[in-house]
file upload.txt (compact mmCIF, C-alpha atoms and all ligand atoms)
# COMPACT_ATOMS: atom_id res chain seq x y z
CA MET A 24 -76.62 -42.98 -17.54
CA PRO A 25 -74.36 -41.00 -19.79
CA LEU A 26 -73.60 -37.58 -21.16
CA ASN A 27 -75.69 -36.59 -24.16
CA ILE A 28 -74.58 -33.63 -26.24
CA ILE A 29 -76.73 -31.31 -28.34
CA ILE A 30 -74.86 -29.58 -31.15
CA GLY A 31 -75.80 -27.03 -33.79
CA THR A 32 -74.80 -28.36 -37.20
CA GLN A 33 -74.97 -25.08 -39.13
CA TRP A 34 -74.23 -21.45 -38.20
CA GLY A 35 -76.26 -21.48 -34.98
CA ASP A 36 -79.97 -20.71 -34.47
CA GLU A 37 -80.96 -24.23 -35.53
CA GLY A 38 -83.75 -24.41 -32.95
CA LYS A 39 -81.87 -26.49 -30.40
CA GLY A 40 -84.34 -25.53 -27.67
CA HIS A 41 -86.96 -28.12 -28.70
CA ILE A 42 -84.81 -31.22 -28.29
CA THR A 43 -83.02 -29.73 -25.30
CA ASP A 44 -86.37 -29.23 -23.62
CA ARG A 45 -87.43 -32.80 -24.44
CA LEU A 46 -84.23 -34.39 -23.09
CA ALA A 47 -83.89 -32.03 -20.12
CA HIS A 48 -87.00 -33.70 -18.75
CA ASP A 49 -84.93 -36.85 -18.05
CA ALA A 50 -81.67 -35.12 -17.12
CA ALA A 51 -80.23 -34.52 -13.66
CA VAL A 52 -77.93 -31.77 -14.93
CA VAL A 53 -78.20 -29.54 -18.00
CA ALA A 54 -74.98 -27.70 -18.73
CA ARG A 55 -73.73 -24.99 -21.07
CA TYR A 56 -70.16 -25.76 -22.13
CA SER A 57 -69.15 -22.94 -24.47
CA GLY A 58 -69.98 -19.41 -25.52
CA GLY A 59 -71.87 -16.83 -23.52
CA ASP A 60 -74.80 -14.51 -24.01
CA ASN A 61 -74.07 -14.33 -27.74
CA ALA A 62 -76.44 -17.32 -27.85
CA GLY A 63 -80.20 -16.96 -27.80
CA HIS A 64 -82.47 -19.86 -26.89
CA THR A 65 -86.22 -19.58 -27.21
CA VAL A 66 -88.32 -22.12 -25.34
CA THR A 67 -92.09 -22.02 -25.84
CA ILE A 68 -94.28 -23.67 -23.22
CA GLY A 69 -97.98 -23.17 -23.83
CA ASP A 70 -98.44 -19.42 -24.18
CA GLU A 71 -95.22 -18.65 -22.37
CA ILE A 72 -92.10 -17.80 -24.33
CA PHE A 73 -88.79 -17.94 -22.46
CA LYS A 74 -85.86 -16.20 -24.16
CA LEU A 75 -82.60 -17.24 -22.56
CA HIS A 76 -79.08 -16.26 -23.54
CA LEU A 77 -76.94 -17.72 -20.82
CA ILE A 78 -78.88 -19.87 -18.40
CA PRO A 79 -79.35 -23.44 -19.71
CA SER A 80 -82.92 -23.95 -20.88
CA GLY A 81 -83.19 -26.93 -18.50
CA ILE A 82 -83.98 -24.32 -15.84
CA ILE A 83 -87.63 -24.51 -16.95
CA HIS A 84 -87.74 -28.10 -15.60
CA PRO A 85 -88.18 -28.23 -11.82
CA GLY A 86 -85.56 -30.36 -10.11
CA VAL A 87 -82.96 -30.17 -12.90
CA ILE A 88 -79.63 -28.66 -11.87
CA CYS A 89 -78.31 -26.16 -14.41
CA LEU A 90 -74.59 -25.57 -14.78
CA ILE A 91 -72.73 -22.86 -16.65
CA GLY A 92 -69.57 -24.83 -17.31
CA ASN A 93 -65.92 -23.85 -17.29
CA GLY A 94 -65.83 -23.50 -21.09
CA ALA A 95 -68.43 -20.72 -21.03
CA VAL A 96 -67.92 -16.97 -20.63
CA VAL A 97 -70.29 -15.09 -18.37
CA ASN A 98 -71.45 -11.52 -18.23
CA PRO A 99 -72.70 -11.37 -14.62
CA ALA A 100 -75.05 -8.46 -15.45
CA VAL A 101 -76.82 -10.62 -18.06
CA LEU A 102 -76.85 -13.65 -15.79
CA LEU A 103 -78.49 -11.71 -12.97
CA ARG A 104 -81.02 -10.11 -15.33
CA GLU A 105 -82.06 -13.55 -16.60
CA MET A 106 -82.22 -14.90 -13.05
CA ASP A 107 -84.48 -12.00 -12.02
CA GLU A 108 -86.75 -12.46 -15.04
CA LEU A 109 -87.09 -16.19 -14.40
CA ALA A 110 -87.67 -15.67 -10.67
CA ALA A 111 -90.43 -13.15 -11.47
CA ARG A 112 -92.15 -15.90 -13.46
CA GLY A 113 -91.92 -18.35 -10.59
CA VAL A 114 -88.85 -20.32 -11.74
CA ASP A 115 -86.46 -21.36 -8.96
CA VAL A 116 -82.99 -19.97 -9.74
CA GLY A 117 -81.52 -20.45 -6.26
CA PRO A 118 -77.95 -21.64 -5.63
CA GLU A 119 -79.07 -25.27 -5.35
CA ARG A 120 -80.46 -25.19 -8.88
CA LEU A 121 -78.21 -22.83 -10.81
CA LYS A 122 -74.47 -23.39 -10.61
CA LEU A 123 -71.62 -21.40 -12.08
CA SER A 124 -68.30 -23.13 -12.60
CA GLY A 125 -65.52 -21.22 -10.87
CA ALA A 126 -63.33 -21.76 -13.93
CA ALA A 127 -65.75 -20.02 -16.33
CA HIS A 128 -64.46 -16.62 -17.43
CA LEU A 129 -66.10 -13.29 -16.64
CA ILE A 130 -67.04 -10.76 -19.32
CA THR A 131 -66.64 -7.14 -18.21
CA PRO A 132 -67.71 -3.81 -19.75
CA ALA A 133 -64.07 -3.44 -20.86
CA HIS A 134 -64.35 -6.65 -22.92
CA ILE A 135 -67.51 -5.33 -24.55
CA ALA A 136 -65.81 -2.01 -25.34
CA MET A 137 -62.88 -3.93 -26.87
CA ASP A 138 -65.29 -6.01 -29.00
CA ARG A 139 -66.73 -2.76 -30.36
CA ALA A 140 -63.27 -1.28 -30.94
CA HIS A 141 -62.03 -4.36 -32.80
CA GLU A 142 -65.10 -4.51 -35.02
CA ARG A 143 -64.89 -0.83 -35.83
CA ALA A 144 -61.18 -1.14 -36.66
CA ARG A 145 -61.87 -4.05 -39.01
CA GLY A 146 -64.15 -1.83 -41.09
CA ARG A 147 -65.37 -3.73 -44.16
CA GLU A 148 -63.70 -6.88 -42.86
CA ALA A 149 -65.81 -6.84 -39.68
CA ILE A 150 -66.90 -10.25 -38.40
CA GLY A 151 -70.35 -9.01 -37.45
CA THR A 152 -70.02 -10.11 -33.82
CA THR A 153 -72.88 -9.90 -31.36
CA MET A 154 -70.88 -7.21 -29.47
CA ARG A 155 -71.19 -9.15 -26.23
CA GLY A 156 -67.46 -9.11 -25.50
CA ILE A 157 -67.07 -12.79 -26.37
CA GLY A 158 -63.90 -12.59 -28.48
CA PRO A 159 -61.92 -10.33 -26.12
CA THR A 160 -62.88 -12.51 -23.12
CA TYR A 161 -61.65 -15.72 -24.78
CA THR A 162 -58.57 -13.81 -25.95
CA ASP A 163 -57.76 -12.92 -22.33
CA LYS A 164 -58.37 -16.55 -21.32
CA ALA A 165 -55.86 -17.75 -23.92
CA ARG A 166 -53.39 -15.02 -22.93
CA ARG A 167 -53.76 -16.22 -19.32
CA GLU A 168 -54.98 -12.79 -18.27
CA GLY A 169 -58.64 -13.66 -17.84
CA LEU A 170 -60.88 -13.16 -14.83
CA ARG A 171 -62.32 -16.46 -13.65
CA ALA A 172 -65.70 -16.62 -11.94
CA GLU A 173 -63.98 -18.01 -8.83
CA LEU A 174 -62.91 -14.40 -8.13
CA LEU A 175 -66.51 -13.69 -7.16
CA ALA A 176 -65.80 -15.57 -3.92
CA ASP A 177 -62.89 -13.27 -3.03
CA PRO A 178 -63.92 -9.57 -3.20
CA VAL A 179 -60.42 -8.28 -2.44
CA ALA A 180 -58.76 -10.31 -5.18
CA LEU A 181 -61.64 -9.44 -7.52
CA ALA A 182 -61.18 -5.70 -6.98
CA GLY A 183 -57.42 -5.94 -7.60
CA ALA A 184 -57.82 -8.04 -10.72
CA LEU A 185 -60.56 -5.80 -12.11
CA ALA A 186 -58.59 -2.59 -11.50
CA SER A 187 -55.60 -3.86 -13.43
CA HIS A 188 -57.80 -5.42 -16.15
CA VAL A 189 -59.71 -2.18 -16.79
CA ALA A 190 -56.49 -0.12 -16.71
CA THR A 191 -54.89 -2.36 -19.36
CA LYS A 192 -57.96 -2.28 -21.56
CA ASN A 193 -58.27 1.50 -21.19
CA GLU A 194 -54.72 1.92 -22.47
CA ALA A 195 -55.67 0.04 -25.60
CA LEU A 196 -59.09 1.67 -25.95
CA VAL A 197 -57.84 5.25 -25.58
CA GLY A 198 -54.30 4.94 -26.97
CA GLY A 199 -54.88 2.33 -29.67
CA TYR A 200 -58.44 2.89 -30.80
CA GLY A 201 -59.21 6.50 -29.82
CA MET A 202 -62.23 5.45 -27.83
CA GLU A 203 -63.65 6.49 -24.48
CA PRO A 204 -62.16 4.74 -21.43
CA VAL A 205 -64.25 2.44 -19.26
CA ASP A 206 -65.13 3.89 -15.83
CA VAL A 207 -63.14 1.73 -13.43
CA ALA A 208 -65.02 2.88 -10.31
CA ALA A 209 -68.36 1.98 -11.90
CA VAL A 210 -67.07 -1.48 -12.86
CA LEU A 211 -65.74 -2.09 -9.34
CA GLY A 212 -69.08 -1.04 -7.86
CA GLU A 213 -71.09 -3.28 -10.19
CA PHE A 214 -68.89 -6.31 -9.66
CA THR A 215 -69.00 -5.95 -5.87
CA ASP A 216 -72.74 -6.34 -6.17
CA TYR A 217 -72.39 -9.30 -8.59
CA ALA A 218 -70.03 -11.04 -6.16
CA ARG A 219 -72.53 -10.62 -3.35
CA ARG A 220 -75.33 -12.13 -5.41
CA LEU A 221 -73.47 -14.84 -7.34
CA GLY A 222 -70.88 -16.11 -4.84
CA SER A 223 -73.21 -18.80 -3.52
CA HIS A 224 -73.76 -20.17 -7.05
CA LEU A 225 -70.08 -21.02 -7.59
CA ALA A 226 -69.33 -24.71 -8.02
CA ASP A 227 -66.67 -27.15 -9.11
CA GLY A 228 -68.28 -27.88 -12.48
CA PRO A 229 -66.34 -31.01 -13.50
CA ALA A 230 -66.90 -32.56 -10.05
CA LEU A 231 -70.62 -31.83 -10.22
CA VAL A 232 -70.89 -33.51 -13.64
CA ASP A 233 -68.79 -36.47 -12.52
CA GLU A 234 -70.93 -37.01 -9.41
CA ALA A 235 -74.15 -36.98 -11.44
CA LEU A 236 -72.74 -39.49 -13.93
CA ALA A 237 -71.39 -41.70 -11.15
CA ARG A 238 -74.85 -41.81 -9.60
CA GLY A 239 -76.19 -43.09 -12.90
CA HIS A 240 -77.92 -39.86 -13.88
CA MET A 241 -78.10 -38.34 -17.34
CA VAL A 242 -76.21 -35.11 -17.98
CA LEU A 243 -77.21 -33.03 -20.97
CA ALA A 244 -74.66 -30.75 -22.63
CA GLU A 245 -76.63 -27.93 -24.20
CA GLY A 246 -74.86 -26.62 -27.27
CA ALA A 247 -74.86 -22.98 -28.26
CA GLN A 248 -73.91 -21.52 -31.66
CA GLY A 249 -73.08 -24.17 -34.28
CA THR A 250 -70.39 -26.24 -35.96
CA LEU A 251 -69.62 -23.60 -38.60
CA LEU A 252 -69.03 -21.01 -35.87
CA ASP A 253 -66.45 -23.24 -34.16
CA ILE A 254 -63.04 -21.59 -33.87
CA ASP A 255 -61.32 -24.67 -35.35
CA HIS A 256 -63.94 -26.31 -37.52
CA GLY A 257 -66.01 -23.34 -38.67
CA THR A 258 -65.67 -20.74 -41.40
CA TYR A 259 -62.65 -19.03 -39.80
CA PRO A 260 -62.28 -16.07 -39.24
CA PHE A 261 -66.07 -15.59 -39.43
CA VAL A 262 -66.59 -17.70 -36.33
CA THR A 263 -67.06 -17.24 -32.62
CA SER A 264 -64.10 -17.62 -30.27
CA SER A 265 -65.06 -20.92 -28.63
CA SER A 266 -65.61 -24.58 -29.53
CA PRO A 267 -69.34 -25.30 -29.88
CA THR A 268 -68.54 -28.75 -31.36
CA ALA A 269 -68.53 -32.06 -29.46
CA GLY A 270 -64.87 -31.72 -28.48
CA GLY A 271 -65.73 -28.41 -26.82
CA ALA A 272 -68.20 -30.22 -24.59
CA MET A 273 -65.34 -32.36 -23.25
CA THR A 274 -63.03 -29.49 -22.30
CA GLY A 275 -65.92 -27.15 -21.53
CA LEU A 276 -67.33 -29.48 -18.89
CA GLY A 277 -64.21 -31.35 -17.82
CA VAL A 278 -65.09 -34.90 -18.89
CA GLY A 279 -63.58 -37.43 -21.30
CA PRO A 280 -65.22 -38.96 -24.37
CA ARG A 281 -65.93 -42.35 -22.77
CA VAL A 282 -68.91 -40.93 -20.89
CA VAL A 283 -70.67 -39.79 -24.06
CA ASP A 284 -73.63 -41.68 -25.47
CA ARG A 285 -75.60 -39.60 -27.98
CA VAL A 286 -74.27 -36.67 -29.97
CA ILE A 287 -77.38 -35.06 -31.37
CA GLY A 288 -76.92 -32.67 -34.27
CA VAL A 289 -79.68 -30.13 -34.79
CA ALA A 290 -80.24 -28.88 -38.34
CA LYS A 291 -82.80 -26.44 -39.61
CA ALA A 292 -84.68 -27.70 -42.70
CA PHE A 293 -83.02 -24.79 -44.54
CA THR A 294 -79.91 -22.74 -43.68
CA THR A 295 -79.44 -19.40 -41.89
CA ARG A 296 -76.53 -17.36 -40.70
CA VAL A 297 -75.93 -14.02 -38.98
CA GLY A 298 -72.80 -12.00 -39.53
CA SER A 299 -70.36 -11.99 -42.42
CA GLY A 300 -68.70 -14.71 -44.49
CA PRO A 301 -69.45 -16.97 -47.48
CA PHE A 302 -72.77 -18.82 -47.61
CA PRO A 303 -73.06 -20.98 -50.76
CA THR A 304 -76.85 -21.52 -50.79
CA GLU A 305 -77.77 -17.96 -49.78
CA LEU A 306 -80.96 -16.51 -51.27
CA ASP A 307 -82.07 -12.93 -51.67
CA GLY A 308 -85.22 -11.04 -52.55
CA ALA A 309 -88.63 -12.69 -52.31
CA ALA A 310 -87.22 -16.22 -51.96
CA ALA A 311 -85.24 -15.11 -48.88
CA ALA A 312 -88.21 -13.24 -47.41
CA ARG A 313 -90.34 -16.39 -47.83
CA LEU A 314 -88.00 -18.43 -45.60
CA ARG A 315 -87.15 -15.60 -43.21
CA GLY A 316 -90.67 -14.41 -42.42
CA MET A 317 -91.59 -10.79 -41.79
CA GLY A 318 -90.41 -10.57 -38.20
CA ASP A 319 -93.92 -10.45 -36.78
CA LYS A 320 -93.65 -13.94 -35.21
CA PRO A 321 -91.11 -14.83 -32.53
CA TRP A 322 -89.81 -17.75 -34.59
CA ASP A 323 -89.14 -15.68 -37.73
CA GLU A 324 -85.50 -15.49 -38.77
CA PHE A 325 -84.41 -12.43 -36.83
CA GLY A 326 -81.62 -12.75 -34.24
CA THR A 327 -82.78 -13.52 -30.68
CA THR A 328 -79.74 -11.68 -29.35
CA THR A 329 -79.28 -8.85 -31.86
CA GLY A 330 -82.63 -8.58 -33.70
CA ARG A 331 -80.69 -8.61 -37.01
CA PRO A 332 -82.46 -10.25 -39.99
CA ARG A 333 -80.73 -13.56 -40.60
CA ARG A 334 -79.29 -14.45 -43.99
CA VAL A 335 -81.22 -17.45 -45.33
CA GLY A 336 -80.72 -20.14 -47.98
CA TRP A 337 -81.56 -23.69 -48.96
CA LEU A 338 -80.40 -26.71 -47.00
CA ASP A 339 -76.75 -27.56 -47.63
CA LEU A 340 -75.88 -31.26 -47.27
CA PRO A 341 -72.06 -30.84 -47.48
CA ILE A 342 -72.42 -28.71 -44.31
CA LEU A 343 -74.37 -31.47 -42.55
CA ARG A 344 -71.81 -34.09 -43.62
CA HIS A 345 -69.07 -31.84 -42.21
CA ALA A 346 -70.99 -31.55 -38.93
CA ARG A 347 -71.51 -35.32 -38.81
CA ARG A 348 -67.78 -35.91 -39.21
CA VAL A 349 -66.51 -33.22 -36.83
CA ASN A 350 -68.93 -34.18 -34.06
CA SER A 351 -69.36 -37.94 -34.64
CA LEU A 352 -73.10 -37.32 -34.69
CA SER A 353 -75.27 -40.24 -33.64
CA GLU A 354 -78.41 -38.65 -35.09
CA LEU A 355 -79.97 -35.50 -36.50
CA VAL A 356 -82.94 -33.44 -35.37
CA LEU A 357 -84.51 -31.56 -38.28
CA THR A 358 -86.29 -28.35 -37.23
CA LYS A 359 -88.76 -25.93 -38.84
CA LEU A 360 -89.94 -28.38 -41.49
CA ASP A 361 -93.30 -26.55 -41.43
CA ILE A 362 -91.70 -23.43 -42.91
CA LEU A 363 -91.22 -25.32 -46.20
CA SER A 364 -94.95 -26.16 -46.51
CA GLY A 365 -96.54 -24.56 -49.57
CA LEU A 366 -93.37 -24.39 -51.67
CA ALA A 367 -93.94 -25.97 -55.09
CA ASP A 368 -90.51 -27.55 -55.05
CA ILE A 369 -87.56 -27.45 -52.69
CA PRO A 370 -83.94 -27.28 -53.86
CA VAL A 371 -81.39 -29.04 -51.64
CA CYS A 372 -77.65 -28.53 -52.15
CA VAL A 373 -76.16 -32.02 -52.51
CA ALA A 374 -72.58 -31.09 -53.50
CA TYR A 375 -70.55 -28.13 -54.79
CA GLU A 376 -69.09 -27.28 -58.14
CA LEU A 377 -65.52 -26.13 -57.66
CA ASP A 378 -63.51 -25.02 -60.70
CA GLY A 379 -65.56 -27.32 -62.94
CA ARG A 380 -65.30 -30.32 -60.59
CA ARG A 381 -67.97 -31.81 -58.34
CA VAL A 382 -66.96 -31.93 -54.67
CA GLU A 383 -68.99 -33.70 -52.01
CA SER A 384 -67.31 -32.36 -48.88
CA PHE A 385 -67.27 -28.98 -47.17
CA PRO A 386 -63.91 -27.33 -47.95
CA PRO A 387 -61.53 -26.74 -45.04
CA ASP A 388 -60.69 -23.14 -46.00
CA LEU A 389 -62.68 -20.03 -46.68
CA LYS A 390 -61.11 -19.09 -49.99
CA THR A 391 -62.13 -22.43 -51.48
CA LEU A 392 -65.59 -22.16 -49.96
CA ALA A 393 -66.05 -18.76 -51.58
CA ARG A 394 -65.47 -20.39 -55.00
CA CYS A 395 -67.94 -23.23 -54.38
CA ARG A 396 -71.24 -23.10 -56.27
CA PRO A 397 -74.10 -25.24 -54.98
CA ILE A 398 -75.29 -28.20 -57.03
CA TYR A 399 -78.99 -28.63 -56.29
CA GLU A 400 -81.38 -31.51 -56.47
CA THR A 401 -84.96 -30.34 -56.47
CA LEU A 402 -87.43 -32.23 -54.31
CA PRO A 403 -91.20 -32.00 -54.63
CA GLY A 404 -92.93 -29.72 -52.13
CA TRP A 405 -96.21 -30.26 -50.28
CA VAL A 406 -99.19 -27.99 -49.78
CA GLU A 407 -100.54 -29.42 -46.52
CA ASP A 408 -100.18 -27.56 -43.23
CA ILE A 409 -98.06 -29.94 -41.13
CA THR A 410 -98.10 -28.03 -37.85
CA ASP A 411 -100.54 -30.53 -36.33
CA ALA A 412 -98.57 -33.61 -37.42
CA ARG A 413 -97.47 -35.65 -34.39
CA ARG A 414 -96.45 -38.97 -35.99
CA PRO A 415 -94.39 -39.67 -39.11
CA SER A 416 -97.52 -41.03 -40.77
CA ASP A 417 -99.23 -37.61 -40.30
CA LEU A 418 -96.70 -36.07 -42.69
CA PRO A 419 -97.43 -35.89 -46.43
CA ALA A 420 -95.35 -38.28 -48.53
CA ALA A 421 -93.25 -35.42 -49.96
CA ALA A 422 -92.35 -34.18 -46.46
CA ARG A 423 -91.38 -37.71 -45.38
CA TRP A 424 -89.28 -37.99 -48.53
CA TYR A 425 -87.54 -34.70 -47.68
CA VAL A 426 -86.62 -36.07 -44.24
CA GLU A 427 -85.33 -39.35 -45.71
CA PHE A 428 -83.35 -37.47 -48.34
CA VAL A 429 -81.66 -35.35 -45.65
CA SER A 430 -80.88 -38.40 -43.55
CA ALA A 431 -79.31 -40.27 -46.49
CA GLY A 432 -77.44 -37.19 -47.72
CA ALA A 433 -76.08 -36.22 -44.30
CA GLY A 434 -75.18 -39.79 -43.36
CA ALA A 435 -77.03 -39.71 -40.03
CA PRO A 436 -80.53 -40.87 -39.12
CA VAL A 437 -83.10 -38.15 -38.44
CA SER A 438 -84.53 -39.02 -35.01
CA HIS A 439 -86.94 -36.09 -34.58
CA VAL A 440 -88.58 -33.41 -36.69
CA SER A 441 -90.09 -30.14 -35.44
CA VAL A 442 -93.17 -28.73 -37.15
CA GLY A 443 -93.76 -25.57 -35.12
CA PRO A 444 -92.47 -23.70 -32.08
CA GLY A 445 -94.76 -25.37 -29.52
CA ARG A 446 -93.48 -28.03 -27.16
CA ALA A 447 -95.84 -30.65 -28.66
CA GLN A 448 -95.02 -29.79 -32.30
CA PHE A 449 -92.35 -32.43 -32.41
CA ILE A 450 -92.35 -35.80 -34.17
CA GLU A 451 -90.32 -38.80 -33.13
CA MET A 452 -89.34 -40.57 -36.35
CA GLU A 453 -89.42 -44.34 -36.64
P1 LIG B 1 -69.34 -13.38 -31.38
O1 LIG B 1 -69.61 -14.77 -30.90
O2 LIG B 1 -70.24 -12.35 -30.76
O3 LIG B 1 -67.89 -13.03 -31.29
O4 LIG B 1 -69.70 -13.34 -32.94
C1 LIG B 1 -68.92 -14.05 -33.91
C2 LIG B 1 -69.81 -14.60 -35.01
O5 LIG B 1 -70.62 -15.63 -34.48
C3 LIG B 1 -70.78 -13.58 -35.62
O6 LIG B 1 -70.96 -13.90 -37.00
C4 LIG B 1 -72.06 -13.83 -34.86
O7 LIG B 1 -73.19 -13.42 -35.61
C5 LIG B 1 -72.00 -15.33 -34.72
N1 LIG B 1 -72.76 -15.85 -33.57
C6 LIG B 1 -72.38 -15.89 -32.28
N2 LIG B 1 -73.32 -16.47 -31.53
C7 LIG B 1 -74.31 -16.84 -32.35
C8 LIG B 1 -75.55 -17.52 -32.16
O8 LIG B 1 -75.94 -17.92 -31.06
N3 LIG B 1 -76.30 -17.71 -33.28
C9 LIG B 1 -75.90 -17.30 -34.51
N4 LIG B 1 -74.75 -16.68 -34.74
C10 LIG B 1 -73.96 -16.43 -33.67
call {"tool": "encode", "arguments": {"input": "upload.txt", "output": "structure tokens"}}
result
Amino acid sequence: MPLNIIIGTQWGDEGKGHITDRLAHDAAVVARYSGGDNAGHTVTIGDEIFKLHLIPSGIIHPGVICLIGNGAVVNPAVLLREMDELAARGVDVGPERLKLSGAAHLITPAHIAMDRAHERARGREAIGTTMRGIGPTYTDKARREGLRAELLADPVALAGALASHVATKNEALVGGYGMEPVDVAAVLGEFTDYARRLGSHLADGPALVDEALARGHMVLAEGAQGTLLDIDHGTYPFVTSSSPTAGGAMTGLGVGPRVVDRVIGVAKAFTTRVGSGPFPTELDGAAAARLRGMGDKPWDEFGTTTGRPRRVGWLDLPILRHARRVNSLSELVLTKLDILSGLADIPVCVAYELDGRRVESFPPDLKTLARCRPIYETLPGWVEDITDARRPSDLPAAARWYVEFVSAGAGAPVSHVSVGPGRAQFIEME
């Protein structure tokens, strides 16, 4: 059995949890390969809602091994909080089930302070980061000054590395940004405790994945963020600092492309984004509120990690074609189709108008994107409540047509559609 990869095709928050949950059932290992607790995954099982930021959502499935891979960045405080919350609800998060790759990088309070300092210094040009220290941690990794999780197994080396890390960051924080220094003694104390609790979870991530594949098991790479937040293929600089695309799964887990079978792109039936940057199909006012919801339901469009209202707009097919190309998608999963029920008609962006010309593809640079105006085709809506649909034939003709239109326009077959947050509210398409 192979490696299957789940990828966000838009700006994150596509509702990847549904398909991850479905496939995790058959997986031996579910692994995060990029990002950190900037992600937010909501998994709904019956009346129980699990909100996870860092631990792969496969943890809900007994017997599945969950790996935080070498491409991820880990705030140990968040990891332990999630472990405690899951344990309190009866989920096994012991060292046999939850593994942390020694080559993943650690996020410290100094990284978080630097994230804040950078954002403040950018002023009106701020990226709108989640303030989780993600960018500064990947920066240190690339500068070869990072703190790898393997240090948790060596308290003496950890203390030395942390002391010099915090001292360097404090110079920048105080001298460069006029901010308060980070308390080095407090950080050393905290991390001593983290090392004690997390040391037994350390693993050789690539070896673990290789062994599972060699035994014929399925490994599931659980994507976080989305294609347009990718540091290379997203809307740079309004991106995260990692590679959430399919290539990131290779380096982030330590495998080559020959082990990959399915690359499953998840797309919301409309588009959302958090943070700054151009967004061609963005809506405002009542139309935006209609898609966003009021924030009184857990699945409304408010950030799982930050609580910020998400920017919302119509579905953008050039974005999905870009995601298909960058990730070699084998299929698409279309989520939240139920949110469109009751709209009289539904505009879908099929191409852009750029300086009087029609362009079909997503532009490679931000300046061009900012000049792109969406060209819409308007599809008929449907009035029926589709939250109880379980087969394609349960969907009204207009909803089926919407799915077919997306599939043809994106150039990838839609394999599943979600019609609500519940585990069962999921349709396998023919
Ligand atoms: P960072 O990853 O915290 O550095 O934030 C960089 C950009 O990525 C910001 O626009 C964030 O809002 C966005 N971002 C990061 N993670 C997610 C996510 O899981 N969903 C949606 N947006 C995200």
call {"tool": "atom_distance", "arguments": {"input": "upload.txt", "atom1": "CA of Gly279 in chain A", "atom2": "CA of Val242 in chain A"}}
result
13.3 Å
call {"tool": "residues_around", "arguments": {"input": "upload.txt", "residues": "range 138-153 of chain A", "least_positions_apart": "3", "cutoff": "12 Å", "atoms": "all atoms listed in the file", "output": "PyMOL selection string"}}
result
chain A and resi 58-63+76+130-135+156-162+192-193+195-204+248+252+258-264+296-301+326-331+333
call {"tool": "axis_aligned_box", "arguments": {"input": "upload.txt", "around": "range 65-77 of chain A", "padding_each_side": "8 Å", "output": "lines of an AutoDock Vina configuration file"}}
result
center_x = -87.7
center_y = -19.9
center_z = -24.0
size_x = 37.5
size_y = 23.5
size_z = 22.4
call {"tool": "residues_around", "arguments": {"input": "upload.txt", "residues": "Ile450 in chain A", "least_positions_apart": "6", "cutoff": "10 Å", "atoms": "all atoms listed in the file", "output": "NGL selection string"}}
result
:A and (356-357 or 411-418 or 438-442)
call {"tool": "write_last_selection", "arguments": {"input": "upload.txt", "atoms": "C-alpha atoms", "output": "JSON list (two decimals), in the coordinates of the input"}}
result
[["chain", "number", "residue", "atom", "x", "y", "z"],
["A", 356, "VAL", "CA", -82.94, -33.44, -35.37],
["A", 357, "LEU", "CA", -84.51, -31.56, -38.28],
["A", 411, "ASP", "CA", -100.54, -30.53, -36.33],
["A", 412, "ALA", "CA", -98.57, -33.61, -37.42],
["A", 413, "ARG", "CA", -97.47, -35.65, -34.39],
["A", 414, "ARG", "CA", -96.45, -38.97, -35.99],
["A", 415, "PRO", "CA", -94.39, -39.67, -39.11],
["A", 416, "SER", "CA", -97.52, -41.03, -40.77],
["A", 417, "ASP", "CA", -99.23, -37.61, -40.30],
["A", 418, "LEU", "CA", -96.70, -36.07, -42.69],
["A", 438, "SER", "CA", -84.53, -39.02, -35.01],
["A", 439, "HIS", "CA", -86.94, -36.09, -34.58],
["A", 440, "VAL", "CA", -88.58, -33.41, -36.69],
["A", 441, "SER", "CA", -90.09, -30.14, -35.44],
["A", 442, "VAL", "CA", -93.17, -28.73, -37.15]]
call {"tool": "residues_around", "arguments": {"input": "upload.txt", "residues": "Phe428 in chain A", "least_positions_apart": "2", "cutoff": "12 Å", "atoms": "all atoms listed in the file", "output": "list in words"}}
result
Ala292, Leu338, Asp339, Leu340, Leu357, Ile369, Pro370, Val371, Cys372, Val373, Glu400, Thr401, Leu402, Pro403, Ala421, Ala422, Arg423, Trp424, Tyr425, Val426, Ser430, Ala431, Gly432, Ala433, Gly434, Ala435, Pro436 and Val437 of chain A
call {"tool": "residues_around", "arguments": {"input": "upload.txt", "residues": "Arg446 in chain A", "least_positions_apart": "6", "cutoff": "7 Å", "atoms": "only C-alpha atoms", "output": "list of chain:residue names"}}
result
A:His41, A:Thr67, A:Ile68
call {"tool": "residues_near_point", "arguments": {"input": "upload.txt", "point": "(-69.1, -19.7, -13.3)", "cutoff": "8 Å", "atoms": "all atoms listed in the file", "output": "list of chain:residue names"}}
result
A:Ile91, A:Gly92, A:Asn93, A:Ala95, A:Val96, A:Val97, A:Lys122, A:Leu123, A:Ser124, A:Gly125, A:Ala126, A:Ala127, A:His128, A:Leu129, A:Arg171, A:Ala172, A:Glu173, A:His224, A:Leu225, A:Ala226
